[in-house]
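Asker: Below are the structure tokens for one structure; questions will follow.
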Protein chains: 2
Amino acid sequence: VKRVLGEVRQRVEATLARFLAEKRAVIAAISPELEPLVRAAETLTLRGGKRLRPALTAAGYACVAPIQDLGAVVDAGASFELLQTFLLIQDDWMDRDEVRRGGPSVHAMLHRELGDEHRAASIAIIASDLSCAWAFEILGRAAFAPDRLSRATQLLASAIEEVALGQHLDVIGSRSVETVHLLKTAGYTVRWPLRLGAILAGASEPQLVALDRAARPLGLAFQLRDDLLGTFGDPAETGKPASSDLREGKESAVIAEARLSLSAEERERFEGTLGRTSSDEELSRIRALLEDRGVRAKIERRIDALLAEGHAALEEPSLRAEGVEHLRALAELIVSRKV
Amino acid sequence: VKRVLGEVRQRVEATLARFLAEKRAVIAAISPELEPLVRAAETLTLRGGKRLRPALTAAGYACVAPIQDLGAVVDAGASFELLQTFLLIQDDWMDRDEVRRGGPSVHAMLHRELGDEHRAASIAIIASDLSCAWAFEILGRAAFAPDRLSRATQLLASAIEEVALGQHLDVIGSRSVETVHLLKTAGYTVRWPLRLGAILAGASEPQLVALDRAARPLGLAFQLRDDLLGTFGDPAETGKPASSDLREGKESAVIAEARLSLSAEERERFEGTLGRTSSDEELSRIRALLEDRGVRAKIERRIDALLAEGHAALEEPSLRAEGVEHLRALAELIVSRKV
């Protein structure tokens, strides 16, 4: 399994690098003034990431049929990496986040280059549009029969729609944290990439239902891990400042759980630090308090329960054993990751 | 021909209204907090527009094969109306335009509702993303064989890519006005919708080449008419303030031509009004000066020449006479429109 995951990752990097180099060449020939735009999308796309989504696409495929042409499956899965670029650019601009994947976020980078904030934001949004168009293009080029590609394209459109709905709820600060997570992260990170692979392999309806049942808890677990990392993560590993979620006062499972687990007095002190420029010492004391009141442990237990739910859903005879094995390995990766 | 155009327009309105009402119902069931987002995209989409692009899709189809199912062709063409919503929302925000189609632009409307400018801009961008996803969805639902739909989807992705490139050049204030027009408007307004119809009808390569040859001059003529309307248009008809392009100092064919046709002294006076808050009297004097120096007449002559070039390109035996007839009528509409 590890070998396959490593191979998927390598191929995704190669596919993206080749696709973007080709784009850069074609577009620079139209006008050299377009170079910074392409570079913005390219830099963020190639700056790493776990390439978890194409791996899920490959696992989804293998759950339904043996992978004959891993290259084609990876090409299709790479569309989610370009979609990720599209989303991260917009998300960082909306949240005013300056750092992403250990480097400057796209709007921050452009702001530094251009000076003008509105112009930088505009070009960041255009770079996100470009990444979105490329996601459809790279998927459409993948070597599959037109009827499957057609369904896959509809899936990509549905994924974008769902993420947009989640993003809206996030931006308006909706208190329905779980709905936001389901719409903005769980589907997009686990369910849709997995389903993409299954559809390309010609999945039956029962197979799709079985994968959905596993995807939902795993997607939520992914987000809960994200929330824990946003408060307790190691900056050296996450590439983000320590406790960045607390600094931003971002609605997260940690904050929701803290509201339930702290005394009135503690809650007041806790909420006083949210979204403020607190000292490192104060944030460190807050983290100790959250640990002490069991906030972190409760969320870890929910993650364990969701993982178990995911594993149980995969006890499903209609899914191929080889694919299920990959998927189980990915599930462990999803919940135990440190980045 | 007029009857067909009227019918296309009516069907486009009905298709869009039905699609958006369905979306509103489904999405409101997820969370009522999503309602303003959907309404933002819906309001602008249904606030009119000429529905020129779906008419071009129908004409492109008819150039290749008899239209058996006008409903399917219109469904496909309607994707360009949703794409138009996507683009207009972003364009207005980038240009800080407050008015569109005789009402407030989307970011301006949201700003008024929400108070917070950054949040309003964020939601406007999310509404544009949603419209983009819907463009792919409505196209994917159209009743055509998967291999043609697959090609059509790739075309939509290429159209978005091209517009994004043009938008970038526009935002950075590129002096290559014709390149901007070709990328941002000509393709997206004429070439791509026409080609969409042709591809769905199963066009041969020579047919596609012939249509492209006609589309290019017509797309440029469309943009030149736009530029004339932006300076000389009647606010009662365009739904925009008088001489809005001059007020904004927007790079246009009028400004490019003025630079060539005015004396040094006149040019200085002219450029002094660009992008400034000039009085109505001053703008009226500037318009008279441009008329007097033949700026308007020269652009009208270029439009006539481009229209003739378009008509000549349609003298092409591989295209069906009925489709060519529709296309000629649309070409006249494109260059003579007052809105």
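Lettering and numbering for the structure tokens are positional, with chains as A, B, ... in the shown order, residues counted from 1 in each chain, and ligands counted from 1 in the shown order.
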If you run DSSP on this backbone, which residues of range 12-227 of chain B come out as alpha helix (DSSP H), and could you give them as an MDAnalysis selection string?
Answerer: chainID B and resid 12:30 35:46 52:64 70:95 106:114 117:141 146:171 177:181 192:200 205:227
Asker: With 8 Å as the cut-off and only C-alpha atoms counted, what is the closest atom pair between each nearby residue of chain B and chain A? Distances in Å to one decimal, ordered by chain and number, as a Markdown table.
Answerer:
```
| residue | atom | partner | partner_atom | distance |
| --- | --- | --- | --- | --- |
| B:Glu33 | CA | A:Leu169 | CA | 7.1 |
| B:Leu34 | CA | A:Leu165 | CA | 6.9 |
| B:Leu37 | CA | A:His168 | CA | 7.4 |
| B:Met94 | CA | A:Ser122 | CA | 5.8 |
| B:His118 | CA | A:Met94 | CA | 7.6 |
| B:Arg119 | CA | A:Val171 | CA | 7.0 |
| B:Ser122 | CA | A:Met94 | CA | 5.9 |
| B:Ile123 | CA | A:His168 | CA | 6.4 |
| B:Ile126 | CA | A:Ala164 | CA | 5.8 |
| B:Ala127 | CA | A:Ala164 | CA | 7.8 |
| B:Asp129 | CA | A:Ala164 | CA | 6.8 |
| B:Leu130 | CA | A:Glu161 | CA | 5.5 |
| B:Ala133 | CA | A:Ala157 | CA | 4.8 |
| B:Trp134 | CA | A:Ala157 | CA | 7.0 |
| B:Phe136 | CA | A:Ala157 | CA | 6.2 |
| B:Glu137 | CA | A:Gln154 | CA | 6.0 |
| B:Gly140 | CA | A:Gln154 | CA | 6.4 |
| B:Pro146 | CA | A:Asp147 | CA | 4.9 |
| B:Asp147 | CA | A:Pro146 | CA | 4.9 |
| B:Leu149 | CA | A:Ser150 | CA | 6.9 |
| B:Ser150 | CA | A:Ser150 | CA | 5.7 |
| B:Thr153 | CA | A:Gly140 | CA | 7.7 |
| B:Gln154 | CA | A:Glu137 | CA | 6.0 |
| B:Ala157 | CA | A:Ala133 | CA | 4.8 |
| B:Ser158 | CA | A:Ala133 | CA | 7.1 |
| B:Ile160 | CA | A:Ala133 | CA | 6.1 |
| B:Glu161 | CA | A:Leu130 | CA | 5.5 |
| B:Ala164 | CA | A:Ile126 | CA | 5.8 |
| B:Leu165 | CA | A:Leu34 | CA | 6.9 |
| B:Gln167 | CA | A:Ile126 | CA | 7.4 |
| B:His168 | CA | A:Ile123 | CA | 6.4 |
| B:Leu169 | CA | A:Glu33 | CA | 7.1 |
| B:Val171 | CA | A:Arg119 | CA | 7.0 |
| B:Ile172 | CA | A:Arg119 | CA | 7.6 |
| B:Ser174 | CA | A:Glu33 | CA | 7.9 |
```
Asker: Keeping N, CA, C and O atoms, export the residues of the selection given above as a compact mmCIF listing (two decimals), in the first residue's frame.
Answerer:
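Result saved to out.txt:
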```
# COMPACT_ATOMS: atom_id res chain seq x y z
N GLU B 33 -29.40 30.19 5.75
CA GLU B 33 -28.34 31.20 5.69
C GLU B 33 -27.72 31.31 4.28
O GLU B 33 -26.97 32.24 4.01
N LEU B 34 -28.03 30.33 3.43
CA LEU B 34 -27.45 30.34 2.08
C LEU B 34 -28.28 31.15 1.09
O LEU B 34 -27.85 31.40 -0.03
N LEU B 37 -26.87 34.26 -0.82
CA LEU B 37 -25.85 33.90 -1.81
C LEU B 37 -26.50 33.52 -3.13
O LEU B 37 -26.13 34.01 -4.20
N MET B 94 -13.77 44.04 -9.60
CA MET B 94 -12.41 44.46 -9.93
C MET B 94 -12.36 45.92 -10.39
O MET B 94 -11.45 46.66 -10.05
N HIS B 118 -15.29 43.96 2.88
CA HIS B 118 -14.52 42.76 2.54
C HIS B 118 -15.42 41.53 2.52
O HIS B 118 -15.31 40.66 1.66
N ARG B 119 -16.33 41.46 3.48
CA ARG B 119 -17.25 40.32 3.52
C ARG B 119 -18.16 40.33 2.28
O ARG B 119 -18.41 39.29 1.67
N SER B 122 -16.20 39.13 -0.60
CA SER B 122 -15.98 37.68 -0.51
C SER B 122 -17.23 36.93 -0.99
O SER B 122 -17.14 35.98 -1.77
N ILE B 123 -18.39 37.38 -0.53
CA ILE B 123 -19.62 36.67 -0.91
C ILE B 123 -19.91 36.86 -2.40
O ILE B 123 -20.38 35.95 -3.08
N ILE B 126 -17.86 34.32 -4.09
CA ILE B 126 -18.44 32.98 -3.92
C ILE B 126 -19.65 32.82 -4.84
O ILE B 126 -19.83 31.76 -5.45
N ALA B 127 -20.46 33.88 -4.97
CA ALA B 127 -21.61 33.81 -5.90
C ALA B 127 -21.12 33.62 -7.33
O ALA B 127 -21.76 32.93 -8.12
N ASP B 129 -18.35 31.99 -8.17
CA ASP B 129 -17.91 30.59 -8.24
C ASP B 129 -19.11 29.67 -8.48
O ASP B 129 -19.04 28.73 -9.27
N LEU B 130 -20.18 29.96 -7.74
CA LEU B 130 -21.39 29.16 -7.85
C LEU B 130 -21.92 29.22 -9.29
O LEU B 130 -22.29 28.20 -9.88
N ALA B 133 -19.80 27.02 -11.53
CA ALA B 133 -20.12 25.59 -11.37
C ALA B 133 -21.44 25.27 -12.07
O ALA B 133 -21.57 24.23 -12.73
N TRP B 134 -22.40 26.16 -11.95
CA TRP B 134 -23.71 25.94 -12.57
C TRP B 134 -23.62 25.94 -14.10
O TRP B 134 -24.39 25.25 -14.77
N PHE B 136 -21.22 24.72 -15.85
CA PHE B 136 -20.83 23.36 -16.23
C PHE B 136 -21.99 22.39 -16.01
O PHE B 136 -22.21 21.47 -16.79
N GLU B 137 -22.74 22.61 -14.94
CA GLU B 137 -23.83 21.68 -14.64
C GLU B 137 -24.93 21.76 -15.69
O GLU B 137 -25.40 20.73 -16.19
N GLY B 140 -23.80 20.12 -18.81
CA GLY B 140 -23.71 18.67 -18.66
C GLY B 140 -25.07 17.98 -18.69
O GLY B 140 -25.17 16.81 -19.05
N PRO B 146 -22.64 11.73 -24.96
CA PRO B 146 -21.53 12.03 -24.04
C PRO B 146 -20.26 12.52 -24.75
O PRO B 146 -19.57 13.40 -24.21
N ASP B 147 -19.95 11.98 -25.94
CA ASP B 147 -18.69 12.42 -26.55
C ASP B 147 -18.78 13.89 -26.98
O ASP B 147 -17.81 14.63 -26.88
N LEU B 149 -20.78 16.15 -25.48
CA LEU B 149 -20.80 16.92 -24.23
C LEU B 149 -19.40 17.06 -23.67
O LEU B 149 -19.03 18.10 -23.12
N SER B 150 -18.62 16.00 -23.81
CA SER B 150 -17.27 16.01 -23.31
C SER B 150 -16.44 17.09 -24.02
O SER B 150 -15.71 17.85 -23.38
N THR B 153 -17.61 20.52 -22.85
CA THR B 153 -17.09 20.89 -21.53
C THR B 153 -15.68 21.44 -21.65
O THR B 153 -15.32 22.43 -20.99
N GLN B 154 -14.88 20.80 -22.49
CA GLN B 154 -13.52 21.29 -22.69
C GLN B 154 -13.54 22.70 -23.27
O GLN B 154 -12.73 23.54 -22.94
N ALA B 157 -14.21 25.17 -20.52
CA ALA B 157 -12.99 25.40 -19.73
C ALA B 157 -12.03 26.32 -20.49
O ALA B 157 -11.43 27.22 -19.90
N SER B 158 -11.90 26.11 -21.79
CA SER B 158 -11.01 26.97 -22.59
C SER B 158 -11.50 28.41 -22.61
O SER B 158 -10.71 29.35 -22.59
N ILE B 160 -13.19 29.93 -20.25
CA ILE B 160 -12.89 30.55 -18.96
C ILE B 160 -11.41 30.92 -18.89
O ILE B 160 -11.04 32.00 -18.43
N GLU B 161 -10.57 30.02 -19.35
CA GLU B 161 -9.13 30.30 -19.35
C GLU B 161 -8.83 31.56 -20.15
O GLU B 161 -8.13 32.46 -19.68
N ALA B 164 -9.99 34.72 -18.47
CA ALA B 164 -9.14 35.03 -17.31
C ALA B 164 -7.86 35.74 -17.78
O ALA B 164 -7.42 36.72 -17.16
N LEU B 165 -7.29 35.26 -18.87
CA LEU B 165 -6.08 35.90 -19.39
C LEU B 165 -6.38 37.35 -19.80
O LEU B 165 -5.63 38.28 -19.48
N GLN B 167 -8.79 39.23 -18.71
CA GLN B 167 -9.12 39.99 -17.51
C GLN B 167 -7.84 40.46 -16.81
O GLN B 167 -7.75 41.58 -16.34
N HIS B 168 -6.86 39.56 -16.77
CA HIS B 168 -5.58 39.93 -16.15
C HIS B 168 -4.96 41.13 -16.87
O HIS B 168 -4.54 42.09 -16.24
N LEU B 169 -4.90 41.05 -18.20
CA LEU B 169 -4.30 42.15 -18.95
C LEU B 169 -5.08 43.44 -18.73
O LEU B 169 -4.51 44.53 -18.63
N VAL B 171 -6.85 44.23 -15.99
CA VAL B 171 -6.63 44.71 -14.62
C VAL B 171 -5.27 45.40 -14.48
O VAL B 171 -5.15 46.40 -13.78
N ILE B 172 -4.25 44.86 -15.16
CA ILE B 172 -2.93 45.51 -15.03
C ILE B 172 -2.82 46.72 -15.95
O ILE B 172 -1.79 47.39 -15.98
N SER B 174 -2.95 46.83 -19.34
CA SER B 174 -2.10 46.59 -20.51
C SER B 174 -2.48 47.53 -21.66
O SER B 174 -3.65 47.82 -21.89
```
Asker: To one decimal place in Å, what is the distance between CA of Asp92 in chain A and CA of Arg175 in chain A?
Answerer: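 Distance reported for this atom pair: 20.3 Å.
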Asker: What lies within 10 Å of Phe222 in chain A using only C-alpha atoms, ignoring chain neighbours under 3 positions off, as number ranges by chain?
Answerer: A: 181, 185-186, 189-190, 216-219, 225-227, 303, 306-307, 331, 333-337
Asker: Can you work out which one of A:Leu200, A:Ala17, A:Leu220, A:Val177 has the shortest atom-to-atom distance to Ile255 in chain A, counting only C-alpha atoms?
Answerer: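 For Ile255 in chain A, the nearest of the candidates is A:Val177.
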Asker: List every residue of range 92-231 of chain A that DSSP, applied to the backbone, labels as strand (DSSP E), and write the result as JSON, numbers by chain.
Answerer: {"A": [99, 100, 103, 104]}
Asker: Hey, can you spit out that residue selection with N, CA, C and O atoms as a CSV table (one decimal), in the first residue's frame?
Answerer:
```csv
chain,number,residue,atom,x,y,z
A,99,VAL,N,0.0,33.3,5.1
A,99,VAL,CA,0.9,32.2,5.0
A,99,VAL,C,0.1,30.9,4.5
A,99,VAL,O,-1.0,30.7,5.0
A,100,ARG,N,0.7,30.2,3.6
A,100,ARG,CA,0.1,29.0,3.1
A,100,ARG,C,1.2,28.0,2.7
A,100,ARG,O,2.1,28.4,2.0
A,103,GLY,N,4.8,29.2,2.8
A,103,GLY,CA,5.2,30.3,2.0
A,103,GLY,C,4.1,31.4,2.1
A,103,GLY,O,3.1,31.2,2.7
A,104,PRO,N,4.3,32.5,1.4
A,104,PRO,CA,3.3,33.5,1.4
A,104,PRO,C,2.1,33.0,0.6
A,104,PRO,O,2.2,32.3,-0.4
```
Asker: Interatomic distance between CA of Ala210 in chain B and CA of Ser318 in chain B?
Answerer: 8.2 Å
Asker: Please indicate the distance in Å from CA of Arg39 in chain B to CA of Ala14 in chain B, rounded to one decimal place.
Answerer: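 Going from CA of Arg39 in chain B over to CA of Ala14 in chain B covers 16.9 Å.
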Asker: When distances are computed from only C-alpha atoms, which of A:Lys240, A:Lys23, A:Arg269, A:Lys250 shows the smallest separation from Glu98 in chain A?
Answerer: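 When distances to Glu98 in chain A are compared using only C-alpha atoms, the smallest one comes from A:Lys240.
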Asker: Just the residues within 12 Å of Glu7 in chain B, please, counting only C-alpha atoms, with nothing from its chain fewer than 3 positions along; format it as a ChimeraX atom specification.
Answerer: /B:1-4,10-14,51,54-55,58,70-71,74
